[in-house]
>>> print(open('run.pdb').read())   # PDB, C-alpha atoms, pLDDT in the B column
ATOM      1  CA  MET A  25      10.469 -12.226   5.237  1.00 77.00           C
ATOM      2  CA  ALA A  26      12.424 -13.584   2.273  1.00 89.00           C
ATOM      3  CA  ILE A  27      12.649 -11.549  -0.906  1.00 88.00           C
ATOM      4  CA  THR A  28      11.243 -13.040  -4.088  1.00 95.00           C
ATOM      5  CA  LYS A  29      12.806 -13.005  -7.535  1.00 96.00           C
ATOM      6  CA  ALA A  30      10.119 -10.584  -8.692  1.00 95.00           C
ATOM      7  CA  GLU A  31      10.942  -8.192  -5.845  1.00 94.00           C
ATOM      8  CA  LEU A  32      14.642  -8.431  -6.605  1.00 95.00           C
ATOM      9  CA  GLN A  33      13.967  -7.655 -10.263  1.00 96.00           C
ATOM     10  CA  ASP A  34      11.757  -4.724  -9.217  1.00 95.00           C
ATOM     11  CA  PHE A  35      14.533  -3.404  -6.962  1.00 95.00           C
ATOM     12  CA  HIS A  36      17.110  -3.814  -9.730  1.00 95.00           C
ATOM     13  CA  GLN A  37      14.959  -1.820 -12.155  1.00 96.00           C
ATOM     14  CA  PHE A  38      14.243   0.860  -9.521  1.00 94.00           C
ATOM     15  CA  ALA A  39      17.941   1.116  -8.623  1.00 93.00           C
ATOM     16  CA  GLY A  40      19.007   1.391 -12.248  1.00 93.00           C
ATOM     17  CA  GLU A  41      16.496   4.147 -12.981  1.00 92.00           C
ATOM     18  CA  ARG A  42      17.380   6.023  -9.783  1.00 91.00           C
ATOM     19  CA  LEU A  43      21.101   5.853 -10.461  1.00 89.00           C
ATOM     20  CA  GLU A  44      20.652   7.087 -14.040  1.00 90.00           C
ATOM     21  CA  ARG A  45      18.565  10.072 -12.898  1.00 89.00           C
ATOM     22  CA  ASN A  46      20.743  11.531 -10.180  1.00 84.00           C
ATOM     23  CA  GLY A  47      22.549   8.903  -8.168  1.00 78.00           C
ATOM     24  CA  VAL A  48      22.274   8.083  -4.506  1.00 80.00           C
ATOM     25  CA  GLN A  49      24.479   8.549  -1.485  1.00 83.00           C
ATOM     26  CA  SER A  50      24.378   4.957  -0.248  1.00 91.00           C
ATOM     27  CA  LEU A  51      22.869   1.528  -0.722  1.00 92.00           C
ATOM     28  CA  HIS A  52      20.897   2.090   2.478  1.00 94.00           C
ATOM     29  CA  GLU A  53      19.395   5.262   0.983  1.00 92.00           C
ATOM     30  CA  LEU A  54      18.494   3.384  -2.203  1.00 93.00           C
ATOM     31  CA  VAL A  55      16.778   0.559  -0.303  1.00 94.00           C
ATOM     32  CA  SER A  56      14.893   3.067   1.869  1.00 95.00           C
ATOM     33  CA  GLU A  57      13.649   4.927  -1.205  1.00 94.00           C
ATOM     34  CA  TRP A  58      12.584   1.661  -2.856  1.00 95.00           C
ATOM     35  CA  GLU A  59      10.674   0.565   0.243  1.00 95.00           C
ATOM     36  CA  ALA A  60       8.958   3.969   0.478  1.00 97.00           C
ATOM     37  CA  ALA A  61       7.993   3.805  -3.197  1.00 95.00           C
ATOM     38  CA  ARG A  62       6.572   0.292  -2.746  1.00 95.00           C
ATOM     39  CA  GLU A  63       4.561   1.372   0.299  1.00 97.00           C
ATOM     40  CA  HIS A  64       3.207   4.325  -1.680  1.00 98.00           C
ATOM     41  CA  GLN A  65       2.187   2.006  -4.531  1.00 96.00           C
ATOM     42  CA  ARG A  66       0.420  -0.356  -2.096  1.00 97.00           C
ATOM     43  CA  SER A  67      -1.439   2.566  -0.507  1.00 98.00           C
ATOM     44  CA  VAL A  68      -2.573   3.920  -3.860  1.00 98.00           C
ATOM     45  CA  ALA A  69      -3.747   0.448  -4.924  1.00 97.00           C
ATOM     46  CA  ALA A  70      -5.712   0.015  -1.679  1.00 97.00           C
ATOM     47  CA  ILE A  71      -7.395   3.399  -2.103  1.00 97.00           C
ATOM     48  CA  ARG A  72      -8.295   2.617  -5.721  1.00 97.00           C
ATOM     49  CA  GLU A  73      -9.748  -0.738  -4.659  1.00 96.00           C
ATOM     50  CA  SER A  74     -11.802   0.951  -1.942  1.00 93.00           C
ATOM     51  CA  VAL A  75     -13.155   3.526  -4.390  1.00 94.00           C
ATOM     52  CA  ALA A  76     -14.040   0.772  -6.870  1.00 96.00           C
ATOM     53  CA  GLN A  77     -15.866  -1.189  -4.163  1.00 94.00           C
ATOM     54  CA  HIS A  78     -17.739   1.928  -3.097  1.00 90.00           C
ATOM     55  CA  ARG A  79     -18.774   2.711  -6.679  1.00 94.00           C
ATOM     56  CA  ALA A  80     -19.947  -0.890  -7.098  1.00 95.00           C
ATOM     57  CA  GLY A  81     -22.172  -0.504  -4.040  1.00 90.00           C
ATOM     58  CA  LEU A  82     -20.108  -2.899  -1.950  1.00 90.00           C
ATOM     59  CA  SER A  83     -19.564  -0.541   0.985  1.00 87.00           C
ATOM     60  CA  LEU A  84     -21.705   0.784   3.811  1.00 86.00           C
ATOM     61  CA  PRO A  85     -21.884   4.283   5.242  1.00 87.00           C
ATOM     62  CA  VAL A  86     -19.576   4.678   8.244  1.00 89.00           C
ATOM     63  CA  GLU A  87     -22.521   5.065  10.633  1.00 92.00           C
ATOM     64  CA  GLU A  88     -23.933   1.689   9.560  1.00 91.00           C
ATOM     65  CA  THR A  89     -20.521   0.073   9.769  1.00 90.00           C
ATOM     66  CA  PHE A  90     -19.944   1.352  13.317  1.00 93.00           C
ATOM     67  CA  ALA A  91     -23.458   0.264  14.344  1.00 93.00           C
ATOM     68  CA  GLU A  92     -22.741  -3.227  13.010  1.00 92.00           C
ATOM     69  CA  VAL A  93     -19.450  -3.411  14.914  1.00 93.00           C
ATOM     70  CA  ARG A  94     -21.159  -2.256  18.113  1.00 94.00           C
ATOM     71  CA  ARG A  95     -23.851  -4.953  17.660  1.00 94.00           C
ATOM     72  CA  LYS A  96     -21.207  -7.650  17.102  1.00 94.00           C
ATOM     73  CA  LEU A  97     -19.323  -6.545  20.220  1.00 95.00           C
ATOM     74  CA  GLY A  98     -22.488  -6.352  22.277  1.00 92.00           C
ATOM     75  CA  TRP A  99     -22.132  -2.602  22.763  1.00 93.00           C
ATOM     76  CA  ASP A 100     -25.547  -1.724  21.343  1.00 78.00           C
ATOM     77  CA  ALA A 101     -27.206  -1.479  24.726  1.00 59.00           C
TER      78      ALA A 101
END
>>> encode(input="run.pdb", output="structure tokens")
Amino acid sequence: MAITKAELQDFHQFAGERLERNGVQSLHELVSEWEAAREHQRSVAAIRESVAQHRAGLSLPVEETFAEVRRKLGWDA
């Protein structure tokens, strides 16, 4: 997947902040830390979205969800 300008700018900012704080051992380490931080941010955003949907009444209890999946798969026999 190709990197976008926005991602490159995000990496540049991350790298600058990280280097100012306490440096890094290698470029590979820096990229790995950036990718881990991005994954963490995506996970937090997904959890927040799920909580917001739940609070808005847009989710079903897990039992109902599983029952619906079983019906759709024809496993409700």
>>> closest_residue(input="run.pdb", among="A:Phe35, A:Glu87, A:Val75, A:Gln65", to="Leu51 (chain A)", atoms="all atoms listed in the file")
A:Phe35
>>> atom_distance(input="run.pdb", atom1="CA of Glu41 (chain A)", atom2="CA of Arg72 (chain A)")
25.9 Å
>>> atom_distance(input="run.pdb", atom1="CA of Val93 (chain A)", atom2="CA of Glu73 (chain A)")
22.0 Å
>>> closest_residue(input="run.pdb", among="A:Leu32, A:Ala76, A:Ile71, A:Ala39", to="Glu57 (chain A)", atoms="only C-alpha atoms")
A:Ala39
>>> residues_around(input="run.pdb", residues="Arg62 (chain A)", least_positions_apart="5", cutoff="12 Å", atoms="only C-alpha atoms", output="ChimeraX atom specification")
/A:31,34-35,38,55-57,67-69
>>> axis_aligned_box(input="run.pdb", around="region 50-61 of chain A", padding_each_side="5 Å", output="AutoDock Vina command-line options")
--center_x 16.2 --center_y 2.9 --center_z -0.4 --size_x 26.4 --size_y 14.7 --size_z 15.7
>>> atom_distance(input="run.pdb", atom1="CA of Leu82 (chain A)", atom2="CA of Arg95 (chain A)")
20.1 Å
>>> build_atoms(input="run.pdb", residues="region 25-45 of chain A", atoms="N, CA and C atoms", output="PDB file, in the coordinates of the input")
ATOM      1  N   MET A  25      11.152 -11.738   6.409  1.00 77.00           N
ATOM      2  CA  MET A  25      10.469 -12.226   5.237  1.00 77.00           C
ATOM      3  C   MET A  25      11.485 -12.295   4.090  1.00 77.00           C
ATOM      4  N   ALA A  26      11.483 -13.372   3.375  1.00 89.00           N
ATOM      5  CA  ALA A  26      12.424 -13.584   2.273  1.00 89.00           C
ATOM      6  C   ALA A  26      11.977 -12.792   1.045  1.00 89.00           C
ATOM      7  N   ILE A  27      12.942 -12.298   0.317  1.00 88.00           N
ATOM      8  CA  ILE A  27      12.649 -11.549  -0.906  1.00 88.00           C
ATOM      9  C   ILE A  27      12.430 -12.528  -2.052  1.00 88.00           C
ATOM     10  N   THR A  28      11.523 -12.189  -2.932  1.00 95.00           N
ATOM     11  CA  THR A  28      11.243 -13.040  -4.088  1.00 95.00           C
ATOM     12  C   THR A  28      12.061 -12.556  -5.285  1.00 95.00           C
ATOM     13  N   LYS A  29      12.108 -13.393  -6.311  1.00 96.00           N
ATOM     14  CA  LYS A  29      12.806 -13.005  -7.535  1.00 96.00           C
ATOM     15  C   LYS A  29      12.158 -11.770  -8.155  1.00 96.00           C
ATOM     16  N   ALA A  30      10.833 -11.725  -8.117  1.00 95.00           N
ATOM     17  CA  ALA A  30      10.119 -10.584  -8.692  1.00 95.00           C
ATOM     18  C   ALA A  30      10.477  -9.299  -7.948  1.00 95.00           C
ATOM     19  N   GLU A  31      10.569  -9.370  -6.630  1.00 94.00           N
ATOM     20  CA  GLU A  31      10.942  -8.192  -5.845  1.00 94.00           C
ATOM     21  C   GLU A  31      12.380  -7.774  -6.148  1.00 94.00           C
ATOM     22  N   LEU A  32      13.253  -8.737  -6.282  1.00 95.00           N
ATOM     23  CA  LEU A  32      14.642  -8.431  -6.605  1.00 95.00           C
ATOM     24  C   LEU A  32      14.743  -7.765  -7.978  1.00 95.00           C
ATOM     25  N   GLN A  33      13.983  -8.268  -8.937  1.00 96.00           N
ATOM     26  CA  GLN A  33      13.967  -7.655 -10.263  1.00 96.00           C
ATOM     27  C   GLN A  33      13.398  -6.239 -10.197  1.00 96.00           C
ATOM     28  N   ASP A  34      12.348  -6.050  -9.399  1.00 95.00           N
ATOM     29  CA  ASP A  34      11.757  -4.724  -9.217  1.00 95.00           C
ATOM     30  C   ASP A  34      12.783  -3.767  -8.608  1.00 95.00           C
ATOM     31  N   PHE A  35      13.507  -4.242  -7.588  1.00 95.00           N
ATOM     32  CA  PHE A  35      14.533  -3.404  -6.962  1.00 95.00           C
ATOM     33  C   PHE A  35      15.632  -3.055  -7.961  1.00 95.00           C
ATOM     34  N   HIS A  36      16.051  -4.039  -8.743  1.00 95.00           N
ATOM     35  CA  HIS A  36      17.110  -3.814  -9.730  1.00 95.00           C
ATOM     36  C   HIS A  36      16.685  -2.738 -10.727  1.00 95.00           C
ATOM     37  N   GLN A  37      15.462  -2.823 -11.212  1.00 96.00           N
ATOM     38  CA  GLN A  37      14.959  -1.820 -12.155  1.00 96.00           C
ATOM     39  C   GLN A  37      14.885  -0.448 -11.479  1.00 96.00           C
ATOM     40  N   PHE A  38      14.331  -0.396 -10.267  1.00 94.00           N
ATOM     41  CA  PHE A  38      14.243   0.860  -9.521  1.00 94.00           C
ATOM     42  C   PHE A  38      15.628   1.466  -9.326  1.00 94.00           C
ATOM     43  N   ALA A  39      16.579   0.635  -8.893  1.00 93.00           N
ATOM     44  CA  ALA A  39      17.941   1.116  -8.623  1.00 93.00           C
ATOM     45  C   ALA A  39      18.589   1.659  -9.891  1.00 93.00           C
ATOM     46  N   GLY A  40      18.428   0.938 -10.995  1.00 93.00           N
ATOM     47  CA  GLY A  40      19.007   1.391 -12.248  1.00 93.00           C
ATOM     48  C   GLY A  40      18.451   2.736 -12.685  1.00 93.00           C
ATOM     49  N   GLU A  41      17.128   2.877 -12.592  1.00 92.00           N
ATOM     50  CA  GLU A  41      16.496   4.147 -12.981  1.00 92.00           C
ATOM     51  C   GLU A  41      16.943   5.281 -12.058  1.00 92.00           C
ATOM     52  N   ARG A  42      17.002   4.997 -10.769  1.00 91.00           N
ATOM     53  CA  ARG A  42      17.380   6.023  -9.783  1.00 91.00           C
ATOM     54  C   ARG A  42      18.829   6.465  -9.993  1.00 91.00           C
ATOM     55  N   LEU A  43      19.694   5.523 -10.247  1.00 89.00           N
ATOM     56  CA  LEU A  43      21.101   5.853 -10.461  1.00 89.00           C
ATOM     57  C   LEU A  43      21.309   6.655 -11.745  1.00 89.00           C
ATOM     58  N   GLU A  44      20.537   6.345 -12.784  1.00 90.00           N
ATOM     59  CA  GLU A  44      20.652   7.087 -14.040  1.00 90.00           C
ATOM     60  C   GLU A  44      20.169   8.528 -13.886  1.00 90.00           C
ATOM     61  N   ARG A  45      19.124   8.720 -13.065  1.00 89.00           N
ATOM     62  CA  ARG A  45      18.565  10.072 -12.898  1.00 89.00           C
ATOM     63  C   ARG A  45      19.503  11.002 -12.160  1.00 89.00           C
TER      64      ARG A  45
END
